[in-house]
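Listing of start18.pdb, PDB, C-alpha atoms
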```
ATOM      1  CA  MET A  10      84.342 112.793 106.987
ATOM      2  CA  ASN A  11      86.606 112.708 103.953
ATOM      3  CA  THR A  12      86.837 116.200 102.451
ATOM      4  CA  TYR A  13      89.563 115.391  99.933
ATOM      5  CA  THR A  14      88.948 116.761  96.450
ATOM      6  CA  PRO A  15      91.118 115.191  93.739
ATOM      7  CA  ALA A  16      92.983 117.525  91.437
ATOM      8  CA  LEU A  17      91.751 115.883  88.270
ATOM      9  CA  LEU A  18      93.923 116.969  85.390
ATOM     10  CA  PRO A  19      93.572 115.659  81.856
ATOM     11  CA  ASN A  20      95.807 112.659  81.401
ATOM     12  CA  THR A  21      98.449 112.937  78.717
ATOM     13  CA  PRO A  22      97.981 110.571  76.917
ATOM     14  CA  SER A  23      94.180 110.561  77.189
ATOM     15  CA  ASN A  24      92.193 108.061  79.245
ATOM     16  CA  GLU A  25      91.117 106.285  76.078
ATOM     17  CA  THR A  26      94.706 105.975  74.868
ATOM     18  CA  LEU A  27      95.910 104.642  78.223
ATOM     19  CA  LEU A  28      93.167 102.010  78.270
ATOM     20  CA  GLU A  29      94.012 101.042  74.708
ATOM     21  CA  TRP A  30      97.689 100.642  75.585
ATOM     22  CA  ASP A  31      96.681  98.606  78.631
ATOM     23  CA  ARG A  32      94.603  96.215  76.520
ATOM     24  CA  GLU A  33      97.333  95.885  73.918
ATOM     25  CA  HIS A  34     100.339  95.374  76.162
ATOM     26  CA  GLN A  35      99.613  94.660  79.833
ATOM     27  CA  LEU A  36      98.824  91.246  81.271
ATOM     28  CA  HIS A  37      96.799  91.407  84.492
ATOM     29  CA  PRO A  38      96.713  88.673  87.158
ATOM     30  CA  TRP A  39      94.317  85.805  86.429
ATOM     31  CA  ALA A  40      93.224  87.223  83.082
ATOM     32  CA  ALA A  41      91.632  84.671  80.749
ATOM     33  CA  MET A  42      94.277  84.159  78.083
ATOM     34  CA  ASP A  43      91.746  83.717  75.281
ATOM     35  CA  ASP A  44      90.011  87.029  75.970
ATOM     36  CA  TRP A  45      92.324  89.209  78.046
ATOM     37  CA  GLN A  46      92.527  91.959  75.430
ATOM     38  CA  GLY A  47      88.773  92.393  75.624
ATOM     39  CA  TYR A  48      88.807  93.268  79.319
ATOM     40  CA  ASP A  49      87.484  96.677  80.322
ATOM     41  CA  ASN A  50      89.659  97.522  83.333
ATOM     42  CA  MET A  51      88.964 100.623  85.390
ATOM     43  CA  LEU A  52      91.563 103.355  85.003
ATOM     44  CA  VAL A  53      92.342 104.520  88.547
ATOM     45  CA  ASP A  54      93.618 108.085  88.567
ATOM     46  CA  CYS A  55      94.155 108.883  92.262
ATOM     47  CA  ALA A  56      93.215 107.877  95.795
ATOM     48  CA  ASN A  57      92.771 109.267  99.297
ATOM     49  CA  GLY A  58      91.633 107.649 102.515
ATOM     50  CA  ILE A  59      89.389 104.727 101.563
ATOM     51  CA  TYR A  60      88.454 106.167  98.174
ATOM     52  CA  LEU A  61      89.595 105.723  94.581
ATOM     53  CA  TRP A  62      88.826 108.097  91.711
ATOM     54  CA  ASP A  63      88.728 106.945  88.129
ATOM     55  CA  GLY A  64      89.817 108.966  85.115
ATOM     56  CA  GLU A  65      86.334 110.457  84.787
ATOM     57  CA  GLY A  66      86.304 111.769  88.354
ATOM     58  CA  ARG A  67      83.945 109.142  89.784
ATOM     59  CA  ARG A  68      84.617 108.102  93.377
ATOM     60  CA  PHE A  69      84.653 104.496  94.628
ATOM     61  CA  ILE A  70      85.165 102.896  98.037
ATOM     62  CA  ASP A  71      88.182 100.586  97.868
ATOM     63  CA  GLY A  72      86.581  97.748  99.824
ATOM     64  CA  PRO A  73      89.479  95.255  99.753
ATOM     65  CA  GLY A  74      92.082  97.966 100.462
ATOM     66  CA  GLY A  75      94.183  97.350  97.369
ATOM     67  CA  MET A  76      94.926  93.657  97.765
ATOM     68  CA  TRP A  77      94.289  93.803 101.521
ATOM     69  CA  CYS A  78      97.514  95.751 101.960
ATOM     70  CA  VAL A  79      96.495  99.430 102.262
ATOM     71  CA  GLN A  80      95.531  99.218 105.920
ATOM     72  CA  ILE A  81      96.384 102.844 106.732
ATOM     73  CA  GLY A  82      94.541 104.288 103.735
ATOM     74  CA  TYR A  83      95.720 106.325 100.773
ATOM     75  CA  GLY A  84      97.240 109.791 100.692
ATOM     76  CA  ARG A  85      99.136 109.644 103.991
ATOM     77  CA  GLU A  86     101.449 112.644 103.903
ATOM     78  CA  GLU A  87     103.701 111.360 106.688
ATOM     79  CA  MET A  88     104.299 108.167 104.709
ATOM     80  CA  ALA A  89     105.096 110.070 101.510
ATOM     81  CA  GLU A  90     107.475 112.371 103.376
ATOM     82  CA  ALA A  91     109.260 109.468 105.074
ATOM     83  CA  ILE A  92     109.703 107.659 101.750
ATOM     84  CA  ALA A  93     110.987 110.796 100.021
ATOM     85  CA  ALA A  94     113.414 111.574 102.840
ATOM     86  CA  GLN A  95     114.851 108.055 102.791
ATOM     87  CA  VAL A  96     115.215 108.048  98.994
ATOM     88  CA  ARG A  97     117.126 111.321  99.181
ATOM     89  CA  LYS A  98     119.332 110.082 102.022
ATOM     90  CA  LEU A  99     119.964 106.482 100.945
ATOM     91  CA  PRO A 100     117.689 104.604  98.519
ATOM     92  CA  TYR A 101     119.598 101.306  98.649
ATOM     93  CA  THR A 102     122.701  99.550  99.858
ATOM     94  CA  SER A 103     123.631  95.898  99.576
ATOM     95  CA  PRO A 104     122.427  93.920 102.617
ATOM     96  CA  PHE A 105     125.125  91.295 102.065
ATOM     97  CA  THR A 106     127.774  93.324 103.878
ATOM     98  CA  ASN A 107     126.014  96.522 105.000
ATOM     99  CA  THR A 108     123.225  97.559 107.315
ATOM    100  CA  THR A 109     121.201 100.756 107.665
ATOM    101  CA  GLU A 110     119.377 102.646 110.376
ATOM    102  CA  PRO A 111     115.858 101.784 109.082
ATOM    103  CA  SER A 112     116.578  98.067 108.729
ATOM    104  CA  ALA A 113     118.252  97.775 112.146
ATOM    105  CA  VAL A 114     115.450  99.698 113.865
ATOM    106  CA  LEU A 115     112.731  97.659 112.147
ATOM    107  CA  ALA A 116     114.458  94.345 112.875
ATOM    108  CA  ARG A 117     114.650  95.285 116.547
ATOM    109  CA  LYS A 118     110.980  96.304 116.624
ATOM    110  CA  LEU A 119     109.814  93.093 114.953
ATOM    111  CA  ALA A 120     111.853  91.023 117.411
ATOM    112  CA  GLU A 121     110.162  92.854 120.291
ATOM    113  CA  LEU A 122     106.702  92.165 118.854
ATOM    114  CA  ALA A 123     107.281  88.532 117.864
ATOM    115  CA  PRO A 124     106.417  85.806 120.398
ATOM    116  CA  GLY A 125     108.849  83.531 122.198
ATOM    117  CA  ASP A 126     112.394  83.302 120.897
ATOM    118  CA  LEU A 127     111.631  84.587 117.378
ATOM    119  CA  ASN A 128     114.375  87.188 117.490
ATOM    120  CA  ASN A 129     115.793  87.187 113.962
ATOM    121  CA  VAL A 130     114.418  88.769 110.800
ATOM    122  CA  PHE A 131     115.268  88.257 107.135
ATOM    123  CA  PHE A 132     113.829  91.047 104.992
ATOM    124  CA  THR A 133     112.278  90.233 101.631
ATOM    125  CA  THR A 134     110.272  92.177  99.068
ATOM    126  CA  GLY A 135     106.850  90.676  99.793
ATOM    127  CA  GLY A 136     104.767  87.868 101.230
ATOM    128  CA  SER A 137     105.498  85.297  98.522
ATOM    129  CA  THR A 138     109.256  85.685  98.812
ATOM    130  CA  ALA A 139     108.949  85.634 102.613
ATOM    131  CA  VAL A 140     107.283  82.214 102.439
ATOM    132  CA  ASP A 141     109.856  80.989  99.912
ATOM    133  CA  THR A 142     112.680  82.198 102.146
ATOM    134  CA  ALA A 143     111.237  80.502 105.232
ATOM    135  CA  ILE A 144     110.893  77.167 103.411
ATOM    136  CA  ARG A 145     114.361  77.392 101.885
ATOM    137  CA  THR A 146     115.819  78.285 105.289
ATOM    138  CA  MET A 147     114.146  75.227 106.800
ATOM    139  CA  HIS A 148     115.553  73.044 104.002
ATOM    140  CA  PHE A 149     119.035  74.523 104.397
ATOM    141  CA  ARG A 150     119.050  74.058 108.165
ATOM    142  CA  ASN A 151     117.933  70.447 107.984
ATOM    143  CA  ASN A 152     120.541  69.720 105.308
ATOM    144  CA  ARG A 153     123.253  71.208 107.503
ATOM    145  CA  LEU A 154     122.042  69.166 110.489
ATOM    146  CA  GLY A 155     122.174  65.941 108.493
ATOM    147  CA  ARG A 156     118.392  65.556 108.136
ATOM    148  CA  PRO A 157     117.907  65.534 104.339
ATOM    149  CA  ASP A 158     114.461  63.907 104.571
ATOM    150  CA  LYS A 159     112.981  66.444 107.002
ATOM    151  CA  LYS A 160     111.622  68.710 104.260
ATOM    152  CA  ILE A 161     107.855  68.216 103.938
ATOM    153  CA  VAL A 162     105.558  71.162 104.637
ATOM    154  CA  ILE A 163     102.055  70.542 105.977
ATOM    155  CA  SER A 164      99.586  73.103 104.648
ATOM    156  CA  ARG A 165      95.802  73.449 104.417
ATOM    157  CA  GLU A 166      93.305  73.086 101.632
ATOM    158  CA  LYS A 167      92.015  76.498 100.467
ATOM    159  CA  ALA A 168      95.036  78.277 101.986
ATOM    160  CA  TYR A 169      96.882  80.927 100.002
ATOM    161  CA  HIS A 170     100.573  81.577 100.641
ATOM    162  CA  GLY A 171     101.878  83.322  97.530
ATOM    163  CA  SER A 172     102.668  83.168  93.835
ATOM    164  CA  THR A 173     106.379  82.319  93.718
ATOM    165  CA  TYR A 174     107.223  78.669  93.090
ATOM    166  CA  LEU A 175     107.553  77.322  96.632
ATOM    167  CA  ALA A 176     104.852  79.594  98.063
ATOM    168  CA  HIS A 177     102.595  78.535  95.213
ATOM    169  CA  SER A 178     103.404  74.873  95.915
ATOM    170  CA  VAL A 179     102.187  75.101  99.528
ATOM    171  CA  THR A 180      99.048  76.999  98.490
ATOM    172  CA  GLY A 181      95.916  74.870  98.761
ATOM    173  CA  LYS A 182      93.777  76.590  96.138
ATOM    174  CA  GLU A 183      92.445  74.221  93.481
ATOM    175  CA  ARG A 184      93.196  76.547  90.567
ATOM    176  CA  GLU A 185      96.874  76.691  91.569
ATOM    177  CA  LYS A 186      97.163  72.914  91.840
ATOM    178  CA  ASN A 187      95.204  72.121  88.681
ATOM    179  CA  ARG A 188      96.594  74.707  86.268
ATOM    180  CA  PHE A 189     100.227  74.994  87.321
ATOM    181  CA  ASP A 190     103.060  72.672  88.219
ATOM    182  CA  ILE A 191     103.862  72.459  91.918
ATOM    183  CA  GLU A 192     106.548  70.709  93.937
ATOM    184  CA  LYS A 193     104.320  67.854  95.103
ATOM    185  CA  ARG A 194     107.134  66.021  96.881
ATOM    186  CA  LEU A 195     107.445  68.781  99.464
ATOM    187  CA  VAL A 196     103.860  69.388 100.612
ATOM    188  CA  ARG A 197     100.885  67.598 102.149
ATOM    189  CA  PHE A 198      97.479  69.240 102.548
ATOM    190  CA  LEU A 199      95.102  69.022 105.501
ATOM    191  CA  PRO A 200      91.338  69.088 104.811
ATOM    192  CA  ASP A 201      89.438  72.383 104.658
ATOM    193  CA  VAL A 202      89.056  74.111 108.044
ATOM    194  CA  ASN A 203      85.907  76.102 107.195
ATOM    195  CA  PRO A 204      83.385  75.253 109.959
ATOM    196  CA  TYR A 205      80.534  76.060 107.577
ATOM    197  CA  ASN A 206      81.247  72.685 105.949
ATOM    198  CA  ARG A 207      80.811  70.656 109.140
ATOM    199  CA  SER A 208      78.160  67.951 109.378
ATOM    200  CA  GLU A 209      74.684  68.850 110.562
ATOM    201  CA  GLY A 210      74.512  68.732 114.337
ATOM    202  CA  MET A 211      78.286  69.045 114.806
ATOM    203  CA  SER A 212      79.363  71.924 117.041
ATOM    204  CA  VAL A 213      82.225  74.260 116.173
ATOM    205  CA  GLY A 214      84.170  72.782 119.083
ATOM    206  CA  GLU A 215      83.728  69.271 117.709
ATOM    207  CA  TRP A 216      84.771  70.533 114.279
ATOM    208  CA  CYS A 217      87.925  71.986 115.815
ATOM    209  CA  ASP A 218      88.644  68.630 117.471
ATOM    210  CA  LEU A 219      88.295  66.998 114.057
ATOM    211  CA  LYS A 220      90.744  69.468 112.500
ATOM    212  CA  VAL A 221      93.308  68.809 115.231
ATOM    213  CA  ALA A 222      92.840  65.081 114.637
ATOM    214  CA  ASP A 223      93.510  65.693 110.924
ATOM    215  CA  LEU A 224      96.886  67.186 111.830
ATOM    216  CA  GLU A 225      97.731  64.354 114.218
ATOM    217  CA  ARG A 226      96.823  61.790 111.565
ATOM    218  CA  MET A 227      98.932  63.577 108.956
ATOM    219  CA  ILE A 228     101.955  63.607 111.269
ATOM    220  CA  ALA A 229     101.529  59.884 111.882
ATOM    221  CA  GLU A 230     101.146  59.096 108.170
ATOM    222  CA  VAL A 231     104.039  61.205 106.903
ATOM    223  CA  GLY A 232     106.324  60.619 109.868
ATOM    224  CA  ALA A 233     107.585  63.326 112.188
ATOM    225  CA  GLU A 234     111.119  62.695 110.961
ATOM    226  CA  ASN A 235     110.046  63.829 107.471
ATOM    227  CA  ILE A 236     108.104  66.976 108.423
ATOM    228  CA  GLY A 237     109.968  70.264 108.350
ATOM    229  CA  ALA A 238     107.168  72.795 108.821
ATOM    230  CA  PHE A 239     103.471  73.465 109.278
ATOM    231  CA  ILE A 240     102.264  76.649 107.577
ATOM    232  CA  ALA A 241      98.926  78.245 108.414
ATOM    233  CA  GLU A 242      97.343  81.654 107.989
ATOM    234  CA  PRO A 243      96.147  83.149 111.300
ATOM    235  CA  ILE A 244      93.096  84.162 109.250
ATOM    236  CA  LEU A 245      92.371  81.948 106.247
ATOM    237  CA  SER A 246      91.866  84.894 103.912
ATOM    238  CA  SER A 247      91.055  83.979 100.317
ATOM    239  CA  GLY A 248      89.867  80.569 101.510
ATOM    240  CA  GLY A 249      86.771  82.149 103.051
ATOM    241  CA  VAL A 250      87.980  84.726 105.614
ATOM    242  CA  ILE A 251      87.946  82.131 108.380
ATOM    243  CA  GLY A 252      88.986  83.948 111.548
ATOM    244  CA  ARG A 253      90.703  82.652 114.640
ATOM    245  CA  ARG A 254      87.474  82.143 116.553
ATOM    246  CA  ARG A 255      86.113  79.891 113.831
ATOM    247  CA  ALA A 256      89.145  77.779 112.996
ATOM    248  CA  ILE A 257      91.373  75.308 114.798
ATOM    249  CA  THR A 258      93.253  78.109 116.550
ATOM    250  CA  SER A 259      90.193  78.454 118.802
ATOM    251  CA  ALA A 260      90.014  74.762 119.645
ATOM    252  CA  PRO A 261      88.940  73.808 123.193
ATOM    253  CA  SER A 262      91.668  73.142 125.713
ATOM    254  CA  THR A 263      91.560  69.389 125.110
ATOM    255  CA  SER A 264      92.134  69.899 121.404
ATOM    256  CA  ALA A 265      94.834  72.482 122.028
ATOM    257  CA  GLY A 266      96.558  70.025 124.319
ATOM    258  CA  ARG A 267      96.556  67.342 121.644
ATOM    259  CA  MET A 268      97.853  69.853 119.095
ATOM    260  CA  THR A 269     100.720  70.784 121.424
ATOM    261  CA  SER A 270     101.425  67.123 122.054
ATOM    262  CA  SER A 271     101.607  66.416 118.320
ATOM    263  CA  ILE A 272     103.983  69.309 117.762
ATOM    264  CA  SER A 273     106.110  68.289 120.733
ATOM    265  CA  ARG A 274     106.430  64.744 119.444
ATOM    266  CA  THR A 275     107.448  66.069 116.055
ATOM    267  CA  ARG A 276     110.045  68.395 117.531
ATOM    268  CA  SER A 277     111.510  65.883 119.953
ATOM    269  CA  SER A 278     111.836  63.079 117.424
ATOM    270  CA  ARG A 279     114.726  64.656 115.549
ATOM    271  CA  GLY A 280     115.343  67.948 117.333
ATOM    272  CA  SER A 281     113.472  71.222 117.374
ATOM    273  CA  ALA A 282     114.783  72.852 114.214
ATOM    274  CA  GLY A 283     112.590  73.375 111.230
ATOM    275  CA  TRP A 284     109.137  73.408 112.831
ATOM    276  CA  ALA A 285     107.002  76.474 112.219
ATOM    277  CA  THR A 286     103.626  76.907 113.904
ATOM    278  CA  GLY A 287     102.715  80.172 112.195
ATOM    279  CA  SER A 288     102.944  81.902 108.859
ATOM    280  CA  PRO A 289     106.542  82.731 107.888
ATOM    281  CA  ARG A 290     105.244  86.129 106.774
ATOM    282  CA  THR A 291     104.891  87.194 110.377
ATOM    283  CA  THR A 292     107.698  85.271 112.020
ATOM    284  CA  SER A 293     110.842  84.282 110.185
ATOM    285  CA  SER A 294     110.586  86.733 107.297
ATOM    286  CA  ALA A 295     109.196  90.165 106.616
ATOM    287  CA  SER A 296     108.820  92.600 103.777
ATOM    288  CA  SER A 297     111.582  95.126 103.256
ATOM    289  CA  PRO A 298     111.285  98.493 104.991
ATOM    290  CA  THR A 299     110.775 101.478 102.760
TER     291      THR A 299
END
```

What does this structure look like when you write it as structure tokens?
Amino acid sequence: MNTYTPALLPNTPSNETLLEWDREHQLHPWAAMDDWQGYDNMLVDCANGIYLWDGEGRRFIDGPGGMWCVQIGYGREEMAEAIAAQVRKLPYTSPFTNTTEPSAVLARKLAELAPGDLNNVFFTTGGSTAVDTAIRTMHFRNNRLGRPDKKIVISREKAYHGSTYLAHSVTGKEREKNRFDIEKRLVRFLPDVNPYNRSEGMSVGEWCDLKVADLERMIAEVGAENIGAFIAEPILSSGGVIGRRRAITSAPSTSAGRMTSSISRTRSSRGSAGWATGSPRTTSSASSPT
């Protein structure tokens, strides 16, 4: 049971003034540009555990956990103490020529947790820049290996991979593709993987077979020699929260075999470099340690 009681002190400036300044000066993500100054955003004053308190002292459950990134909850003293201690000891040093204890320890830990031969980590500041870095690394490697055409990324409809330019380009959300410019030369999209959209009478297993066939067909159409990466969320989050058991990652053994065969053909055609079977957020890149 959460027994936390927020120490609600009058804000200086007042809540009303802060909200007024917010409306006058701050742009929020996905705000309608013709009416954004009329938005009535909630002023969050403090948080603890799974709860948020607004400026009036009302308590709310933070259902999405921030933006799905506050997995350990708010108000963790050990986290605050670790951050404060590191800031006092060494808040920053250039990673170009230096290393630090936290970064070396975290890199080692991530290498231990990652599957197969994924033993190297490049730290970034967030998920979007991690995806950008993974794609740029794939492009750089293929350029250095004399494969300038092996650059295309296969992604999925409804997938979300970030808001920076390259991450945004491989995102399969309609609003991103319709309202912004994307690098269309570098990405191809597979059809939606949500099994809810399957035909009446089709089993989930048959749907998974169809999704694997979509990937095989895409590889054949684009050409394995032109494909540099396949990016997929282990859980298709904003595209419908499609978990592993309901998407192509749970395909029957026959489908999994065909998937492996497709990947193997792609890798063997021009070498193994530049093929990613998982999200770069959890393999080739990671957010910076605090």

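Proximity to Pro22 in chain A was assessed for A:Met42, A:Glu225, A:Gly64, A:Ser212 counting only C-alpha atoms; the smallest distance is recorded for A:Gly64.
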
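Here CA of Ser23 in chain A and CA of Glu65 in chain A stand 10.9 Å from one another.
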
| task | Have a look at CA of Ile236 in chain A and CA of Val162 in chain A and let me know their distance in Å, one decimal. | result | 6.2 Å

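Going from CA of Gly171 in chain A over to CA of Val250 in chain A, you cover 16.1 Å.
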
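Compared by their closest atoms to Val231 in chain A, and using only C-alpha atoms, the residues A:Glu183, A:Asp158, A:Glu110, A:Asp141 rank with A:Asp158 nearest.
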
| request: Dig up all the protein and nucleic acid residues within 12 Å of (82.9, 108.2, 88.6) in the file frame, using all atoms listed in the file, and format them as a PyMOL selection string. | output: chain A and resi 15+17+51-55+60-70

| said: With the PyMOL selection byres ((chain A and resi 161) around 12) as the selection, what would be picked from this file? Answer as JSON, numbers by chain, please. | reply: {"A": [144, 145, 147, 148, 151, 156, 157, 158, 159, 160, 162, 163, 164, 175, 178, 179, 192, 193, 194, 195, 196, 197, 198, 227, 228, 231, 232, 233, 234, 235, 236, 237, 238, 239, 240, 283, 284, 285]}

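Selection by the PyMOL selection byres ((chain A and resi 168) around 8) on the present file picks out Ser164, Arg165, Glu166, Lys167, Tyr169, His170, Thr180, Gly181, Lys182, Ala241, Glu242, Leu245, Ser246, Ser247 and Gly248 of chain A.
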
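Shortest separation to Lys98 in chain A among A:Ala222, A:Gly155, A:Glu86, A:Pro111 occurs at residue A:Pro111, atoms counted being only C-alpha atoms.
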
| Using only C-alpha atoms, which residues sit within 10 Å of Gly74 in chain A once same-chain residues fewer than 3 positions away are excluded, as a ChimeraX atom specification? | /A:58-60,70-71,77-83

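Among the candidates A:Ser112, A:Ser172, A:Gln95, A:Asn50, the one nearest to Leu27 in chain A when counting only C-alpha atoms is A:Asn50.
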
Near Gln46 in chain A, within 9 Å and counting only C-alpha atoms, which residues show up once chain neighbours fewer than 4 positions away are dropped, as a compact mmCIF listing (two decimals) with C-alpha atoms, in the coordinates of the input?
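Here's the written file result.txt:
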```txt
# COMPACT_ATOMS: atom_id res chain seq x y z
CA ASP A 31 96.68 98.61 78.63
CA ARG A 32 94.60 96.22 76.52
CA GLU A 33 97.33 95.88 73.92
CA HIS A 34 100.34 95.37 76.16
CA GLN A 35 99.61 94.66 79.83
CA LEU A 36 98.82 91.25 81.27
CA MET A 42 94.28 84.16 78.08
```

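Proximity to Thr133 in chain A was assessed for A:Gly252, A:Arg184, A:Pro104, A:Phe149 counting only C-alpha atoms; the smallest distance is recorded for A:Pro104.
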
| field | Within 9 Å of file point (88.4, 72.6, 110.7), counting only C-alpha atoms, expressed as a ChimeraX atom specification | value | /A:200-204,206-207,213,216-221,223,255-257

| query | Which residue gives the smallest distance to Tyr205 in chain A among A:Val96, A:Tyr48, A:Ile251, A:Ser103, with all atoms listed in the file counted? | reply | A:Ile251
